[in-house]
Amino acid sequence: MGPAIRTEELTKDYAIGFWRKKPYRALDRLSISIEAGEVFGFLGPNGAGKTTTLKLLMQLIFPSSGKAEILGQPVGHVATRQRIGYLPENPYFYDYLTAEELLRYFAQLFGLPPAERKKRVDSLLDKVGIGAERKLQLRKFSKGMVQRVGIAQALINDPDVVFLDEPMSGLDPLGRRDVRSLILELRDRGKTVFFSSHILADAEALCSRVAVVAGGRLAASGRLNDMLAFEVRGWELVMTDLKPEVLTRLGPSAKRTTEISPGRYAIELSLDCPPERILSDLTATGAKVVSLNPIRDTLEDFFVRRVAEAGSARPASLEVSRARD
Amino acid sequence: MRAISCIAWSVFRESVRDRVPYNLVLFAVLLIASSFLIGQLTAGQDVKIIKDLGLAATAVFGLFIAIFIGIGLVSKEVERKSIYALLSKPISRPQLILGKYLGLVLTLAVNVAVMVAALYVVLAYMTFTESAQFRAGWDAPGIDPALLKSILLIFVELMLITALALFFSTFSTPLLSAALTFGFYIVGHFNNDLRNFEKVVDSPTVAWIARAFYHVLPDLSAFDVKTEVVHGLPVPAGYLVMTVAYGLLYITILLSASTLIFSRRDFK
């Protein structure tokens with residue numbers, strides 16, 4: 001079986017300006033491939049090209065060059081959309097329809113029979129936490145509630161491939177937790193989930209693979225395990241009742257010391273320093289251990305590094321265009 | 001076909017819940033009803049005034065509905081980005097355009113039906129309250145089925161205006177679309193003058209350009225047979241068929257052009 005989603009040198013240029021139009025490259029030769037059943041995180045800072053990519057995959061915009069396929073068919077193939085779900089960024093629906101009516105309308109577009117339609121609408125609204133409000137017109141909904149309806153409509157056809165553009169946007173912590181479990185449930189059911197986000201914790205919690213885009217270009221992609229050095233690169237020790245003069249005894253073993261409150265310190269120890277010895281030395285002076293944690297490379301560290309690299313590699317002309325935009 | 005009817009029904013439902021058409025129809029019905037009072041002031045001409053005002057109100061308020069809702073059909077969807085979720089469903093862009101158009105035509109049909117019903121109620125009241133001797137002086141019967149000929153043409157004209165509004169809204173802002181549609185409506189009603197422009201100007205070039213404009217712009221005056229039906233003059237069936245066919249042809253061209261533009265459009 002081929003990849004669920006594939007892009008090849010996908011590029012999108014816009015012409016900006018009124019009279020003297022200048023080209024602005026929103027996406028630059030993006031090539032990615034996502035296997036069926038994967039939860040794929042598409043990460044990048046604001047304006048990196050995440051939404052542009054999703055719009056190209058939904059054929060809301062047309063590529064300047066390159067191509068994209070979903071389930072082996074070129075994007076825009078109407079019949080393939082029968083197996084696709086899409087949540088746009090900051091979704092907006094019809095003011096005068098209720099949540100229930102909107103979902104029923106979309107279910108009709110997928111040709112679901114009436115009995116199945118009702119069952120699906122009810123269960124999805126329950127799943128995204130829309131209760132009695134489902135009878136209210138959408139103009140009375142808060143941003144978070146519209147987001148929940150947006151997620152429900154993306155799943156109305158029980159799609160094989162789900163595209164979620166910033167799914168956690170506008171959600172409260174409970175809503176975020178619900179969406180996380182929903183994505184994991186989709187993964188367990190063998191669905192392919194492609195979601196864009198700039199919240200790295202979501203990607204770390206959910207994704208098997210990620211791609212990082214910055215300035216319209218692919219900065220990195222691969223398995224999280226391969227991308228991040230998960231080995232320990234130091235220790236963070238927090239101690240209380242610690243006398244300041246004792247700290248000087250640690251010498252170069254302490255890479256950084258931060259006073260959290262009087263007598264309470266966070267000490268970053270280098271990897272070559274055995275924490276057991278430091279602990280016994282310090283506890284002998286009457287200090288108490290609060291915590292000792294290994295320091296590992298996080299996705300955030302990796303992300304910041306790659307985005308910075310991509311930023312410095314970006315051609316100057318495009319930077320100018322971006323600033324004007 | 002399923003997708004088109006789904007979209008059309010959703011446009012109809014959205015329009016029914018939006019209060020703008022209600023207000024317009026209510027206003028038109030009030031105007032038609034008040035024509036009864038105005039008619040009382042003009043001895044012997046009352047039934048003509050009621051018919052005249054009733055048909056004019058149907059045309060004008062239908063025009064407002066066609067423009068105000070027509071321009072919002074696509075541009076509002078694009079502006080508010082509700083089109084993103086819609087276009088990810090298994091529908092093609094031409095189906096979307098056609099569904100939207102038919103939904104508005106359905107809305108218009110219901111609104112026009114309400115206005116026409118109000119007109120016939122007033123005419124029925126008039127007919128049953130006046131003496132037979134007085135009614136004998138009328139050019140045409142009070143409850144005259146011939147009025148439907150004028151209403152049919154008004155409705156086809158409104159369909160054409162809707163197609164125009166939809167066409168403009170596929171590539172411009174709602175405000176500009178409204179202005180352009182209204183402009184075309186005005187020009188369309190004076191279009192017949194362009195046909196014989198050589199009688200007014202000496203320059204053959206100007207006359208030729210005017211003739212070209214006559215053929216490109218819609219000739220909306222052809223849809224106006226109000227005077228004929230009010231005065232009981234004949235409106236031949238052949239004329240009706242030809243005018244309806246002209247309207248439908250123009251609508252087909254406009255919808256095809258809308259589809260073409262809309263199918264290539266980027267939704268940034």
# chains A, B, ... in the order shown; residues from 1 in each chain; ligands from 1
call {"tool": "interface_residues", "arguments": {"of": "chain B", "to": "chain A", "cutoff": "10 Å", "atoms": "only C-alpha atoms", "output": "number ranges by chain"}}
result
B: 2-7, 9-11, 13-18, 76-77, 80-93, 263-268
call {"tool": "residues_around", "arguments": {"residues": "range 188-198 of chain B", "least_positions_apart": "4", "cutoff": "10 Å", "atoms": "only C-alpha atoms", "output": "list in words"}}
result
Phe182, Gly183, Phe184, Asp202, Ser203, Pro204, Thr205, Val206, Ala207, Trp208, Ile209, Ala210, Arg211, Ala212, Phe213, Tyr214, His215, Val216, Leu217, Pro218, Asp219, Leu220, Ser221, Ala222, Phe223 and Asp224 of chain B
call {"tool": "write_last_selection", "arguments": {"atoms": "N, CA and C atoms", "output": "PDB file, in the first residue's frame"}}
result
ATOM      1  N   PHE B 182     -26.448  46.319  -9.397  1.00  0.00           N
ATOM      2  CA  PHE B 182     -27.450  47.374  -9.476  1.00  0.00           C
ATOM      3  C   PHE B 182     -27.244  48.206 -10.749  1.00  0.00           C
ATOM      4  N   GLY B 183     -25.971  48.488 -11.055  1.00  0.00           N
ATOM      5  CA  GLY B 183     -25.625  49.228 -12.273  1.00  0.00           C
ATOM      6  C   GLY B 183     -26.125  48.491 -13.512  1.00  0.00           C
ATOM      7  N   PHE B 184     -25.899  47.185 -13.552  1.00  0.00           N
ATOM      8  CA  PHE B 184     -26.344  46.383 -14.699  1.00  0.00           C
ATOM      9  C   PHE B 184     -27.870  46.368 -14.781  1.00  0.00           C
ATOM     10  N   ASP B 202     -24.678  60.687 -34.977  1.00  0.00           N
ATOM     11  CA  ASP B 202     -24.296  60.616 -36.392  1.00  0.00           C
ATOM     12  C   ASP B 202     -23.160  59.637 -36.622  1.00  0.00           C
ATOM     13  N   SER B 203     -22.285  59.520 -35.593  1.00  0.00           N
ATOM     14  CA  SER B 203     -21.090  58.693 -35.766  1.00  0.00           C
ATOM     15  C   SER B 203     -21.444  57.212 -35.872  1.00  0.00           C
ATOM     16  N   PRO B 204     -21.057  56.579 -37.002  1.00  0.00           N
ATOM     17  CA  PRO B 204     -21.363  55.146 -37.139  1.00  0.00           C
ATOM     18  C   PRO B 204     -20.586  54.293 -36.134  1.00  0.00           C
ATOM     19  N   THR B 205     -19.366  54.771 -35.738  1.00  0.00           N
ATOM     20  CA  THR B 205     -18.562  54.011 -34.766  1.00  0.00           C
ATOM     21  C   THR B 205     -19.291  53.927 -33.426  1.00  0.00           C
ATOM     22  N   VAL B 206     -19.771  55.098 -32.988  1.00  0.00           N
ATOM     23  CA  VAL B 206     -20.481  55.139 -31.707  1.00  0.00           C
ATOM     24  C   VAL B 206     -21.736  54.253 -31.780  1.00  0.00           C
ATOM     25  N   ALA B 207     -22.417  54.352 -32.918  1.00  0.00           N
ATOM     26  CA  ALA B 207     -23.629  53.537 -33.091  1.00  0.00           C
ATOM     27  C   ALA B 207     -23.291  52.049 -33.049  1.00  0.00           C
ATOM     28  N   TRP B 208     -22.146  51.708 -33.670  1.00  0.00           N
ATOM     29  CA  TRP B 208     -21.715  50.296 -33.698  1.00  0.00           C
ATOM     30  C   TRP B 208     -21.378  49.810 -32.273  1.00  0.00           C
ATOM     31  N   ILE B 209     -20.651  50.677 -31.514  1.00  0.00           N
ATOM     32  CA  ILE B 209     -20.301  50.324 -30.131  1.00  0.00           C
ATOM     33  C   ILE B 209     -21.576  50.149 -29.292  1.00  0.00           C
ATOM     34  N   ALA B 210     -22.512  51.083 -29.511  1.00  0.00           N
ATOM     35  CA  ALA B 210     -23.775  51.009 -28.756  1.00  0.00           C
ATOM     36  C   ALA B 210     -24.500  49.710 -29.076  1.00  0.00           C
ATOM     37  N   ARG B 211     -24.492  49.331 -30.354  1.00  0.00           N
ATOM     38  CA  ARG B 211     -25.144  48.090 -30.774  1.00  0.00           C
ATOM     39  C   ARG B 211     -24.455  46.873 -30.115  1.00  0.00           C
ATOM     40  N   ALA B 212     -23.113  46.956 -30.054  1.00  0.00           N
ATOM     41  CA  ALA B 212     -22.354  45.852 -29.426  1.00  0.00           C
ATOM     42  C   ALA B 212     -22.742  45.731 -27.948  1.00  0.00           C
ATOM     43  N   PHE B 213     -22.827  46.875 -27.282  1.00  0.00           N
ATOM     44  CA  PHE B 213     -23.230  46.868 -25.871  1.00  0.00           C
ATOM     45  C   PHE B 213     -24.638  46.277 -25.709  1.00  0.00           C
ATOM     46  N   TYR B 214     -25.483  46.628 -26.676  1.00  0.00           N
ATOM     47  CA  TYR B 214     -26.867  46.125 -26.610  1.00  0.00           C
ATOM     48  C   TYR B 214     -26.881  44.592 -26.598  1.00  0.00           C
ATOM     49  N   HIS B 215     -25.995  44.019 -27.419  1.00  0.00           N
ATOM     50  CA  HIS B 215     -25.983  42.552 -27.502  1.00  0.00           C
ATOM     51  C   HIS B 215     -25.337  41.909 -26.284  1.00  0.00           C
ATOM     52  N   VAL B 216     -24.342  42.585 -25.698  1.00  0.00           N
ATOM     53  CA  VAL B 216     -23.623  41.985 -24.559  1.00  0.00           C
ATOM     54  C   VAL B 216     -24.409  42.167 -23.258  1.00  0.00           C
ATOM     55  N   LEU B 217     -24.941  43.364 -23.051  1.00  0.00           N
ATOM     56  CA  LEU B 217     -25.659  43.632 -21.795  1.00  0.00           C
ATOM     57  C   LEU B 217     -27.053  43.000 -21.840  1.00  0.00           C
ATOM     58  N   PRO B 218     -27.579  42.642 -20.678  1.00  0.00           N
ATOM     59  CA  PRO B 218     -28.908  42.025 -20.687  1.00  0.00           C
ATOM     60  C   PRO B 218     -29.986  43.062 -21.026  1.00  0.00           C
ATOM     61  N   ASP B 219     -30.937  42.660 -21.841  1.00  0.00           N
ATOM     62  CA  ASP B 219     -32.038  43.564 -22.180  1.00  0.00           C
ATOM     63  C   ASP B 219     -33.182  43.285 -21.209  1.00  0.00           C
ATOM     64  N   LEU B 220     -33.197  44.009 -20.103  1.00  0.00           N
ATOM     65  CA  LEU B 220     -34.173  43.727 -19.057  1.00  0.00           C
ATOM     66  C   LEU B 220     -35.543  44.341 -19.350  1.00  0.00           C
ATOM     67  N   SER B 221     -35.572  45.324 -20.270  1.00  0.00           N
ATOM     68  CA  SER B 221     -36.871  45.948 -20.567  1.00  0.00           C
ATOM     69  C   SER B 221     -37.809  44.931 -21.216  1.00  0.00           C
ATOM     70  N   ALA B 222     -37.212  43.894 -21.835  1.00  0.00           N
ATOM     71  CA  ALA B 222     -38.033  42.864 -22.474  1.00  0.00           C
ATOM     72  C   ALA B 222     -38.910  42.126 -21.455  1.00  0.00           C
ATOM     73  N   PHE B 223     -38.459  42.112 -20.203  1.00  0.00           N
ATOM     74  CA  PHE B 223     -39.186  41.365 -19.165  1.00  0.00           C
ATOM     75  C   PHE B 223     -40.321  42.194 -18.558  1.00  0.00           C
ATOM     76  N   ASP B 224     -40.443  43.452 -18.993  1.00  0.00           N
ATOM     77  CA  ASP B 224     -41.436  44.329 -18.386  1.00  0.00           C
ATOM     78  C   ASP B 224     -42.705  44.388 -19.250  1.00  0.00           C
TER      79      ASP B 224
END
call {"tool": "closest_residue", "arguments": {"among": "A:Glu276, A:Gly41, A:Ala48, A:Phe18", "to": "Gly216 in chain A", "atoms": "only C-alpha atoms"}}
result
A:Ala48
call {"tool": "residues_around", "arguments": {"residues": "range 306-308 of chain A", "least_positions_apart": "3", "cutoff": "8 Å", "atoms": "only C-alpha atoms", "output": "mmCIF file with N, CA and C atoms, in the first residue's frame"}}
result
data_model
loop_
_atom_site.group_PDB
_atom_site.id
_atom_site.type_symbol
_atom_site.label_atom_id
_atom_site.label_comp_id
_atom_site.auth_asym_id
_atom_site.auth_seq_id
_atom_site.Cartn_x
_atom_site.Cartn_y
_atom_site.Cartn_z
ATOM 1 N N GLY A 44 5.696 24.192 13.034
ATOM 2 C CA GLY A 44 6.372 25.375 12.513
ATOM 3 C C GLY A 44 5.852 26.608 13.207
ATOM 4 N N PRO A 45 6.652 27.669 13.217
ATOM 5 C CA PRO A 45 6.170 28.907 13.839
ATOM 6 C C PRO A 45 5.060 29.532 12.984
ATOM 7 N N VAL A 212 9.213 19.689 10.477
ATOM 8 C CA VAL A 212 9.300 21.075 10.932
ATOM 9 C C VAL A 212 9.458 21.952 9.696
ATOM 10 N N VAL A 213 8.548 22.921 9.545
ATOM 11 C CA VAL A 213 8.690 23.873 8.438
ATOM 12 C C VAL A 213 8.988 25.252 9.006
ATOM 13 N N ALA A 214 9.783 25.985 8.272
ATOM 14 C CA ALA A 214 10.092 27.359 8.683
ATOM 15 C C ALA A 214 10.355 28.147 7.414
ATOM 16 N N ALA A 219 12.355 22.139 7.269
ATOM 17 C CA ALA A 219 13.606 22.275 8.014
ATOM 18 C C ALA A 219 14.075 20.915 8.518
ATOM 19 N N ALA A 220 13.153 20.024 8.813
ATOM 20 C CA ALA A 220 13.528 18.683 9.280
ATOM 21 C C ALA A 220 12.299 17.806 9.229
ATOM 22 N N PHE A 302 15.060 21.329 19.853
ATOM 23 C CA PHE A 302 15.306 20.934 18.470
ATOM 24 C C PHE A 302 14.635 21.913 17.507
ATOM 25 N N PHE A 303 13.370 22.242 17.829
ATOM 26 C CA PHE A 303 12.560 23.130 17.004
ATOM 27 C C PHE A 303 13.209 24.503 16.874
ATOM 28 N N GLY A 311 15.919 30.079 9.245
ATOM 29 C CA GLY A 311 15.792 31.535 9.129
ATOM 30 C C GLY A 311 17.055 32.131 8.559
ATOM 31 N N SER A 312 18.203 31.653 9.006
ATOM 32 C CA SER A 312 19.464 32.221 8.524
ATOM 33 C C SER A 312 19.751 31.784 7.100
#
call {"tool": "closest_residue", "arguments": {"among": "A:Leu112, A:Leu200, A:Val146, A:Leu155", "to": "Val304 in chain A", "atoms": "only C-alpha atoms"}}
result
A:Leu200
call {"tool": "select_by_dssp", "arguments": {"residues": "range 191-271 of chain A", "states": "alpha helix (DSSP H)", "output": "ChimeraX atom specification"}}
result
/A:200-206,224-227,244-247
call {"tool": "write_last_selection", "arguments": {"atoms": "N, CA and C atoms", "output": "PDB file, in the first residue's frame"}}
result
ATOM      1  N   LEU A 200       4.361  22.412  20.745  1.00  0.00           N
ATOM      2  CA  LEU A 200       5.216  21.233  20.617  1.00  0.00           C
ATOM      3  C   LEU A 200       4.821  20.112  21.563  1.00  0.00           C
ATOM      4  N   ALA A 201       4.258  20.475  22.710  1.00  0.00           N
ATOM      5  CA  ALA A 201       3.871  19.437  23.668  1.00  0.00           C
ATOM      6  C   ALA A 201       2.853  18.492  23.035  1.00  0.00           C
ATOM      7  N   ASP A 202       1.974  19.036  22.185  1.00  0.00           N
ATOM      8  CA  ASP A 202       0.979  18.188  21.525  1.00  0.00           C
ATOM      9  C   ASP A 202       1.669  17.178  20.624  1.00  0.00           C
ATOM     10  N   ALA A 203       2.631  17.667  19.873  1.00  0.00           N
ATOM     11  CA  ALA A 203       3.344  16.785  18.950  1.00  0.00           C
ATOM     12  C   ALA A 203       4.090  15.700  19.723  1.00  0.00           C
ATOM     13  N   GLU A 204       4.735  16.096  20.818  1.00  0.00           N
ATOM     14  CA  GLU A 204       5.495  15.119  21.608  1.00  0.00           C
ATOM     15  C   GLU A 204       4.574  14.050  22.173  1.00  0.00           C
ATOM     16  N   ALA A 205       3.347  14.469  22.533  1.00  0.00           N
ATOM     17  CA  ALA A 205       2.434  13.520  23.164  1.00  0.00           C
ATOM     18  C   ALA A 205       1.756  12.608  22.142  1.00  0.00           C
ATOM     19  N   LEU A 206       1.651  13.067  20.887  1.00  0.00           N
ATOM     20  CA  LEU A 206       0.779  12.347  19.956  1.00  0.00           C
ATOM     21  C   LEU A 206       1.457  11.724  18.743  1.00  0.00           C
ATOM     22  N   LEU A 224      10.419  11.114  15.932  1.00  0.00           N
ATOM     23  CA  LEU A 224      10.835  11.908  17.090  1.00  0.00           C
ATOM     24  C   LEU A 224      12.067  11.303  17.733  1.00  0.00           C
ATOM     25  N   ASN A 225      12.072   9.962  17.857  1.00  0.00           N
ATOM     26  CA  ASN A 225      13.209   9.276  18.507  1.00  0.00           C
ATOM     27  C   ASN A 225      14.511   9.542  17.770  1.00  0.00           C
ATOM     28  N   ASP A 226      14.408   9.627  16.423  1.00  0.00           N
ATOM     29  CA  ASP A 226      15.625   9.844  15.635  1.00  0.00           C
ATOM     30  C   ASP A 226      16.056  11.305  15.669  1.00  0.00           C
ATOM     31  N   MET A 227      15.065  12.180  15.772  1.00  0.00           N
ATOM     32  CA  MET A 227      15.370  13.607  15.680  1.00  0.00           C
ATOM     33  C   MET A 227      15.950  14.150  16.978  1.00  0.00           C
ATOM     34  N   PRO A 244      24.790  29.295  51.070  1.00  0.00           N
ATOM     35  CA  PRO A 244      25.423  29.785  49.838  1.00  0.00           C
ATOM     36  C   PRO A 244      26.898  29.430  49.737  1.00  0.00           C
ATOM     37  N   GLU A 245      27.616  29.435  50.890  1.00  0.00           N
ATOM     38  CA  GLU A 245      29.064  29.156  50.816  1.00  0.00           C
ATOM     39  C   GLU A 245      29.348  27.721  50.378  1.00  0.00           C
ATOM     40  N   VAL A 246      28.382  26.824  50.616  1.00  0.00           N
ATOM     41  CA  VAL A 246      28.585  25.419  50.222  1.00  0.00           C
ATOM     42  C   VAL A 246      28.632  25.298  48.698  1.00  0.00           C
ATOM     43  N   LEU A 247      27.889  26.194  48.026  1.00  0.00           N
ATOM     44  CA  LEU A 247      27.800  26.137  46.569  1.00  0.00           C
ATOM     45  C   LEU A 247      29.169  26.299  45.904  1.00  0.00           C
TER      46      LEU A 247
END
call {"tool": "residues_around", "arguments": {"residues": "range 138-152 of chain B", "least_positions_apart": "5", "cutoff": "10 Å", "atoms": "only C-alpha atoms", "output": "PyMOL selection string"}}
result
chain B and resi 44-48+50-51+55-56+58-59+112-113+116+119-128+133+157-158+223-237+240+244
call {"tool": "residues_around", "arguments": {"residues": "Glu8 in chain A", "least_positions_apart": "4", "cutoff": "10 Å", "atoms": "only C-alpha atoms", "output": "PDB file with N, CA and C atoms, in the first residue's frame"}}
result
ATOM      1  N   ARG A  29       9.086  23.974  -2.411  1.00  0.00           N
ATOM      2  CA  ARG A  29       9.457  22.597  -2.770  1.00  0.00           C
ATOM      3  C   ARG A  29       9.331  21.617  -1.598  1.00  0.00           C
ATOM      4  N   LEU A  30       8.159  21.509  -1.083  1.00  0.00           N
ATOM      5  CA  LEU A  30       7.928  20.619   0.063  1.00  0.00           C
ATOM      6  C   LEU A  30       7.703  19.185  -0.431  1.00  0.00           C
ATOM      7  N   SER A  31       8.523  18.288   0.061  1.00  0.00           N
ATOM      8  CA  SER A  31       8.341  16.867  -0.270  1.00  0.00           C
ATOM      9  C   SER A  31       8.235  16.080   1.028  1.00  0.00           C
ATOM     10  N   ILE A  32       7.076  15.523   1.267  1.00  0.00           N
ATOM     11  CA  ILE A  32       6.892  14.686   2.456  1.00  0.00           C
ATOM     12  C   ILE A  32       6.038  13.479   2.080  1.00  0.00           C
ATOM     13  N   SER A  33       6.151  12.451   2.890  1.00  0.00           N
ATOM     14  CA  SER A  33       5.353  11.257   2.643  1.00  0.00           C
ATOM     15  C   SER A  33       4.879  10.711   3.991  1.00  0.00           C
ATOM     16  N   SER A  65       3.832  24.953  -8.503  1.00  0.00           N
ATOM     17  CA  SER A  65       4.483  23.796  -9.128  1.00  0.00           C
ATOM     18  C   SER A  65       4.495  22.650  -8.130  1.00  0.00           C
ATOM     19  N   GLY A  66       4.885  21.489  -8.594  1.00  0.00           N
ATOM     20  CA  GLY A  66       4.904  20.311  -7.733  1.00  0.00           C
ATOM     21  C   GLY A  66       3.548  19.641  -7.698  1.00  0.00           C
ATOM     22  N   LYS A  67       3.471  18.537  -6.962  1.00  0.00           N
ATOM     23  CA  LYS A  67       2.168  17.857  -6.903  1.00  0.00           C
ATOM     24  C   LYS A  67       1.943  17.233  -5.538  1.00  0.00           C
ATOM     25  N   ALA A  68       0.710  16.901  -5.289  1.00  0.00           N
ATOM     26  CA  ALA A  68       0.345  16.286  -4.014  1.00  0.00           C
ATOM     27  C   ALA A  68      -0.706  15.215  -4.262  1.00  0.00           C
ATOM     28  N   GLU A  69      -0.606  14.142  -3.464  1.00  0.00           N
ATOM     29  CA  GLU A  69      -1.566  13.040  -3.606  1.00  0.00           C
ATOM     30  C   GLU A  69      -2.102  12.656  -2.245  1.00  0.00           C
TER      31      GLU A  69
END
call {"tool": "residues_around", "arguments": {"residues": "Leu102 in chain B", "least_positions_apart": "3", "cutoff": "12 Å", "atoms": "only C-alpha atoms", "output": "ChimeraX atom specification"}}
result
/B:1,3-12,66,70,73,95-99,105-109,159-160,162-163,166,251,255
call {"tool": "closest_residue", "arguments": {"among": "A:Arg249, A:Arg134, A:Arg104, A:Lys243", "to": "Arg264 in chain A", "atoms": "only C-alpha atoms"}}
result
A:Lys243
call {"tool": "decode", "arguments": {"residues": "range 44-64 of chain A", "atoms": "N, CA and C atoms", "output": "compact mmCIF listing (two decimals), in the first residue's frame"}}
result
# COMPACT_ATOMS: atom_id res chain seq x y z
N GLY A 44 5.70 24.19 13.03
CA GLY A 44 6.37 25.38 12.51
C GLY A 44 5.85 26.61 13.21
N PRO A 45 6.65 27.67 13.22
CA PRO A 45 6.17 28.91 13.84
C PRO A 45 5.06 29.53 12.98
N ASN A 46 4.45 30.58 13.49
CA ASN A 46 3.41 31.27 12.73
C ASN A 46 3.97 31.76 11.40
N GLY A 47 3.20 31.56 10.34
CA GLY A 47 3.63 32.04 9.01
C GLY A 47 4.67 31.16 8.36
N ALA A 48 4.81 29.91 8.84
CA ALA A 48 5.85 29.03 8.30
C ALA A 48 5.42 28.36 7.00
N GLY A 49 4.11 28.29 6.77
CA GLY A 49 3.62 27.60 5.57
C GLY A 49 2.76 26.38 5.90
N LYS A 50 2.39 26.24 7.16
CA LYS A 50 1.60 25.06 7.56
C LYS A 50 0.19 25.12 6.94
N THR A 51 -0.47 26.26 7.12
CA THR A 51 -1.84 26.37 6.59
C THR A 51 -1.82 26.35 5.07
N THR A 52 -0.79 26.95 4.47
CA THR A 52 -0.68 26.92 3.00
C THR A 52 -0.62 25.47 2.52
N THR A 53 0.17 24.65 3.22
CA THR A 53 0.29 23.24 2.82
C THR A 53 -1.07 22.55 2.92
N LEU A 54 -1.76 22.79 4.05
CA LEU A 54 -3.07 22.15 4.23
C LEU A 54 -4.07 22.61 3.18
N LYS A 55 -4.01 23.90 2.84
CA LYS A 55 -4.93 24.41 1.82
C LYS A 55 -4.62 23.79 0.45
N LEU A 56 -3.33 23.57 0.20
CA LEU A 56 -2.95 22.93 -1.07
C LEU A 56 -3.47 21.49 -1.09
N LEU A 57 -3.37 20.82 0.05
CA LEU A 57 -3.82 19.43 0.12
C LEU A 57 -5.34 19.34 -0.02
N MET A 58 -6.06 20.39 0.39
CA MET A 58 -7.52 20.42 0.26
C MET A 58 -7.94 21.07 -1.05
N GLN A 59 -6.98 21.47 -1.85
CA GLN A 59 -7.17 22.21 -3.11
C GLN A 59 -8.04 23.46 -2.92
N LEU A 60 -7.83 24.13 -1.81
CA LEU A 60 -8.46 25.44 -1.63
C LEU A 60 -7.62 26.47 -2.37
N ILE A 61 -6.35 26.14 -2.55
CA ILE A 61 -5.47 26.93 -3.41
C ILE A 61 -4.75 25.96 -4.35
N PHE A 62 -4.26 26.49 -5.45
CA PHE A 62 -3.62 25.64 -6.44
C PHE A 62 -2.10 25.83 -6.39
N PRO A 63 -1.33 24.74 -6.54
CA PRO A 63 0.12 24.88 -6.44
C PRO A 63 0.71 25.63 -7.65
N SER A 64 1.81 26.33 -7.40
CA SER A 64 2.51 26.99 -8.51
C SER A 64 3.31 25.93 -9.27
